[in-house]
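> Quick one: structure below, then a few questions.
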Amino acid sequence: KSVKEDDEIKELKSKYDSIDVKNITFFKDLPLSQKTMVGLKKSRYFKATEIQRESIGCALQGRDVLGAAATGSGKTLAFLIPVMENLFLKKWSRADGVGCIIITPTRELAYQIFEVLKKVGCEHDFSAGLIIGGRNLKFERSRMDQCNIIICTPGRLLQHMDQNPLFNCSSMQILVLDEADRCLDMGFEETMNAIIENLPPERQTLLFSATQTKSVKDLARLSLSDPVYVAPIEQA
Ligand code: ADP
Ligand code: MG
């Protein structure tokens, strides 16, 4: 099994350079792992939306992405697919700790992302957890280091960073800032800045936002390095 997986990983990596956005309509047009393809199929996702088409390829190539697209345009899969592929290619497993942090403004959105990940990630081996407050802090603490993908709200994440000696994100590979404009509107600017300062600089970052305000641009400058800017024109 492991030799087969090594071969698959090698083949996927070899295809990244030749990804051409113009040739992508369906998810099967992208070099994605079997596990992700099965998860997408089971969830009945076949055709990529505009933001997915335009951002997934760049993200697979390892670039930072600044994505601007309206609510309902499919941003969740635009970041979850690259997250799953990133960790799959590194053969991330439970013992490797936190590989990805996804920050979203509200508990409700965190739950929604978690549900989508559970479905499209059903074939993958990594673990995911919600860190969203409103629950026992101790319970969250004890579970955190067993999570490979943490989906969280800004305040709660910073609380763990400040107060939880067990929290270790030094091996983190990929950061997602979802609905960045709303995070900032809700007064999380300082919290976001503090979180970003606490994260290892050697990482990939995907930042998504419905609008491009000045404060989003400031956050982008702080968190992204040489990003690809993706802003599809309104979807049908
Ligand atoms: P956003 O985060 O941009 O507001 P979501 O990721 O929540 O958008 O997706 C909005 C809706 O579109 C969800 O119901 C989701 O299941 C659906 N959706 C997303 N991508 C696809 C796709 N490729 N094919 C079909 N439906 C999709
Ligand atoms: Mg969303």
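Order determines the names: the first chain of the structure tokens is A, the second B, and so forth; residues in each chain are numbered 1 upward, and ligands are numbered 1 upward as they are shown.
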Considering only C-alpha atoms, return as a ChimeraX atom specification whatever protein or nucleic-acid residues lie within 9 Å of Ile151 in chain A, sequence-local ones (same chain, fewer than 6 positions apart) excluded.
/A:100-104,110-111,113-114,128-132
> Go ahead and save the residues from that selection, with N, CA and C atoms, as a tab-separated table (two decimals), in the first residue's frame.

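Output saved as again.tsv:
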chain	number	residue	atom	x	y	z
A	100	CYS	N	-2.30	21.88	9.76
A	100	CYS	CA	-3.07	22.95	9.12
A	100	CYS	C	-3.95	23.64	10.15
A	101	ILE	N	-4.03	24.96	10.06
A	101	ILE	CA	-4.96	25.73	10.88
A	101	ILE	C	-5.87	26.52	9.93
A	102	ILE	N	-7.17	26.39	10.14
A	102	ILE	CA	-8.16	27.13	9.35
A	102	ILE	C	-8.87	28.09	10.29
A	103	ILE	N	-8.76	29.38	10.02
A	103	ILE	CA	-9.38	30.38	10.88
A	103	ILE	C	-10.59	30.99	10.18
A	104	THR	N	-11.71	30.99	10.84
A	104	THR	CA	-12.95	31.51	10.27
A	104	THR	C	-13.64	32.33	11.36
A	110	ALA	N	-17.32	27.64	11.30
A	110	ALA	CA	-16.35	26.58	11.63
A	110	ALA	C	-17.03	25.21	11.55
A	111	TYR	N	-18.24	25.11	12.09
A	111	TYR	CA	-18.99	23.85	12.00
A	111	TYR	C	-19.22	23.45	10.55
A	113	ILE	N	-17.50	24.24	7.86
A	113	ILE	CA	-16.25	23.78	7.23
A	113	ILE	C	-15.92	22.37	7.70
A	114	PHE	N	-16.11	22.14	9.00
A	114	PHE	CA	-15.84	20.82	9.57
A	114	PHE	C	-16.69	19.75	8.91
A	128	ALA	N	-9.29	15.81	12.28
A	128	ALA	CA	-9.63	17.24	12.29
A	128	ALA	C	-10.39	17.55	13.56
A	129	GLY	N	-10.28	18.78	14.03
A	129	GLY	CA	-10.99	19.15	15.25
A	129	GLY	C	-11.41	20.60	15.22
A	130	LEU	N	-12.47	20.89	15.95
A	130	LEU	CA	-12.99	22.25	16.08
A	130	LEU	C	-12.48	22.86	17.37
A	131	ILE	N	-11.96	24.09	17.27
A	131	ILE	CA	-11.52	24.82	18.46
A	131	ILE	C	-12.27	26.15	18.43
A	132	ILE	N	-13.43	26.17	19.06
A	132	ILE	CA	-14.32	27.30	18.81
A	132	ILE	C	-14.91	27.90	20.08
> Write out as a ChimeraX atom specification the residues lying within 12 Å of Val83 in chain A, counting only C-alpha atoms and excluding same-chain residues fewer than 4 positions away.
/A:32-33,36,56,59-60,62,76-79,87-90,92,99-102,117,120-121,124,126,128,148-151,172-176,203-206
> Could you list, as JSON, numbers by chain, all protein and nucleic acid residues with an atom at most 8 Å from ligand 1, counting only C-alpha atoms and all ligand atoms?
{"A": [27, 44, 45, 46, 47, 48, 49, 52, 69, 70, 71, 72, 73, 74, 75, 76, 77, 78, 112, 113, 116, 178, 179, 210]}
> Could you save the residues just selected, with C-alpha atoms, as a compact mmCIF listing (two decimals), in the first residue's frame?

# COMPACT_ATOMS: atom_id res chain seq x y z
CA PHE A 27 -12.12 18.23 -10.52
CA ARG A 44 -21.34 14.67 -5.52
CA TYR A 45 -18.93 17.45 -6.44
CA PHE A 46 -17.81 17.11 -10.05
CA LYS A 47 -17.51 20.49 -11.72
CA ALA A 48 -15.26 23.13 -10.16
CA THR A 49 -16.64 26.61 -9.57
CA GLN A 52 -12.00 26.68 -7.31
CA ALA A 69 -15.06 35.80 -4.31
CA ALA A 70 -18.66 36.39 -3.23
CA THR A 71 -20.51 34.33 -0.65
CA GLY A 72 -21.76 31.10 -2.15
CA SER A 73 -19.02 30.86 -4.77
CA GLY A 74 -17.46 27.72 -3.28
CA LYS A 75 -14.52 29.03 -1.29
CA THR A 76 -14.62 26.14 1.18
CA LEU A 77 -13.49 23.53 -1.34
CA ALA A 78 -11.11 26.08 -2.88
CA GLN A 112 -19.89 24.13 8.32
CA ILE A 113 -16.25 23.78 7.23
CA VAL A 116 -17.60 19.60 4.50
CA ASP A 178 -11.42 32.22 5.65
CA GLU A 179 -13.75 35.21 5.41
CA ALA A 210 -15.61 38.33 -0.08
> Using only C-alpha atoms and all ligand atoms for the distances, tell me which of A:Pro200, A:Pro31, A:Pro105, A:Pro82 is nearest to ligand 2.
A:Pro105
> As an exercise, work out the distance from CA of Ile19 in chain A to CA of Glu50 in chain A in Å and give it to one decimal place.
15.4 Å
> Find the residue from A:Glu189, A:Glu108, A:Asp20, A:Asp145 that sits nearest to ligand 2; use only C-alpha atoms and all ligand atoms when measuring.
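The shortest atom-to-atom distance to ligand 2 comes from A:Glu108.
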> Residues near Ile24 in chain A, anyone? I mean within 7 Å using only C-alpha atoms, not counting same-chain ones fewer than 4 positions away, as a PDB file with N, CA and C atoms, in the first residue's frame.

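Result written to selection-v4.pdb:
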ATOM      1  N   ASP A  29      -9.936  17.026 -13.836  1.00  0.00           N
ATOM      2  CA  ASP A  29      -8.929  17.647 -14.690  1.00  0.00           C
ATOM      3  C   ASP A  29      -7.714  18.121 -13.893  1.00  0.00           C
ATOM      4  N   LEU A  30      -7.818  18.067 -12.572  1.00  0.00           N
ATOM      5  CA  LEU A  30      -6.694  18.475 -11.710  1.00  0.00           C
ATOM      6  C   LEU A  30      -5.961  17.229 -11.211  1.00  0.00           C
ATOM      7  N   ARG A  53     -11.580  26.655  -9.697  1.00  0.00           N
ATOM      8  CA  ARG A  53     -10.782  26.474 -10.901  1.00  0.00           C
ATOM      9  C   ARG A  53      -9.519  27.322 -10.862  1.00  0.00           C
TER      10      ARG A  53
END
> Of the candidates A:Cys169, A:Met161, A:Met144, A:Ala180, which shows the shortest atom-to-atom distance to ligand 2, using only C-alpha atoms and all ligand atoms?
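When distances to ligand 2 are compared using only C-alpha atoms and all ligand atoms, the smallest one comes from A:Ala180.
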> Between A:Thr153, A:Ser215, A:Asn168, A:Gln163, single out the one closest to Asp181 in chain A, counting only C-alpha atoms.
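Going through A:Thr153, A:Ser215, A:Asn168, A:Gln163 one by one, the smallest distance to Asp181 in chain A is for A:Ser215.
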> Write out as number ranges by chain each polymer residue whose atoms come within 12 Å of Leu158 in chain A, counting only C-alpha atoms; drop sequence neighbours fewer than 6 positions from it.
A: 101, 103, 131-133, 152, 164, 167, 169, 188, 190-199
> Would you save the residues from that selection as an mmCIF file, in the first residue's frame, using N, CA and C atoms?

data_model
loop_
_atom_site.group_PDB
_atom_site.id
_atom_site.type_symbol
_atom_site.label_atom_id
_atom_site.label_comp_id
_atom_site.auth_asym_id
_atom_site.auth_seq_id
_atom_site.Cartn_x
_atom_site.Cartn_y
_atom_site.Cartn_z
ATOM 1 N N ILE A 101 -4.028 24.960 10.056
ATOM 2 C CA ILE A 101 -4.962 25.728 10.878
ATOM 3 C C ILE A 101 -5.866 26.523 9.934
ATOM 4 N N ILE A 103 -8.765 29.376 10.016
ATOM 5 C CA ILE A 103 -9.383 30.377 10.885
ATOM 6 C C ILE A 103 -10.589 30.987 10.178
ATOM 7 N N ILE A 131 -11.964 24.088 17.270
ATOM 8 C CA ILE A 131 -11.522 24.819 18.461
ATOM 9 C C ILE A 131 -12.271 26.145 18.425
ATOM 10 N N ILE A 132 -13.426 26.167 19.060
ATOM 11 C CA ILE A 132 -14.316 27.299 18.815
ATOM 12 C C ILE A 132 -14.912 27.896 20.076
ATOM 13 N N GLY A 133 -14.441 27.492 21.222
ATOM 14 C CA GLY A 133 -15.009 28.061 22.434
ATOM 15 C C GLY A 133 -16.391 27.534 22.713
ATOM 16 N N CYS A 152 -10.894 26.768 13.547
ATOM 17 C CA CYS A 152 -11.065 27.554 14.769
ATOM 18 C C CYS A 152 -11.548 28.970 14.509
ATOM 19 N N ASN A 164 -2.161 27.594 26.703
ATOM 20 C CA ASN A 164 -2.101 26.140 26.671
ATOM 21 C C ASN A 164 -0.684 25.683 26.320
ATOM 22 N N PHE A 167 -0.163 23.288 23.439
ATOM 23 C CA PHE A 167 -0.435 23.649 22.046
ATOM 24 C C PHE A 167 0.869 23.905 21.303
ATOM 25 N N CYS A 169 2.266 24.391 17.380
ATOM 26 C CA CYS A 169 1.977 24.463 15.953
ATOM 27 C C CYS A 169 3.268 24.661 15.165
ATOM 28 N N PHE A 188 -11.403 41.509 15.073
ATOM 29 C CA PHE A 188 -10.343 40.526 15.359
ATOM 30 C C PHE A 188 -8.978 40.923 14.793
ATOM 31 N N GLU A 190 -6.388 42.740 15.814
ATOM 32 C CA GLU A 190 -5.211 42.526 16.669
ATOM 33 C C GLU A 190 -5.005 41.053 16.962
ATOM 34 N N THR A 191 -6.121 40.355 17.162
ATOM 35 C CA THR A 191 -6.035 38.916 17.433
ATOM 36 C C THR A 191 -5.394 38.187 16.261
ATOM 37 N N MET A 192 -5.828 38.538 15.053
ATOM 38 C CA MET A 192 -5.272 37.892 13.852
ATOM 39 C C MET A 192 -3.774 38.190 13.730
ATOM 40 N N ASN A 193 -3.411 39.442 13.971
ATOM 41 C CA ASN A 193 -1.996 39.795 13.875
ATOM 42 C C ASN A 193 -1.167 39.008 14.887
ATOM 43 N N ALA A 194 -1.704 38.882 16.102
ATOM 44 C CA ALA A 194 -0.972 38.149 17.142
ATOM 45 C C ALA A 194 -0.838 36.678 16.764
ATOM 46 N N ILE A 195 -1.902 36.107 16.205
ATOM 47 C CA ILE A 195 -1.852 34.692 15.796
ATOM 48 C C ILE A 195 -0.773 34.502 14.734
ATOM 49 N N ILE A 196 -0.796 35.376 13.728
ATOM 50 C CA ILE A 196 0.148 35.226 12.616
ATOM 51 C C ILE A 196 1.594 35.338 13.101
ATOM 52 N N GLU A 197 1.814 36.233 14.073
ATOM 53 C CA GLU A 197 3.168 36.359 14.630
ATOM 54 C C GLU A 197 3.614 35.087 15.333
ATOM 55 N N ASN A 198 2.657 34.330 15.853
ATOM 56 C CA ASN A 198 2.968 33.105 16.586
ATOM 57 C C ASN A 198 3.173 31.884 15.695
ATOM 58 N N LEU A 199 2.888 32.030 14.401
ATOM 59 C CA LEU A 199 2.951 30.856 13.529
ATOM 60 C C LEU A 199 4.298 30.777 12.818
#
> Using CA of Ala220 in chain A and CA of Leu66 in chain A as the two end points, give the distance in Å to one decimal.
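So the two atoms, CA of Ala220 in chain A and CA of Leu66 in chain A, lie 7.4 Å apart.
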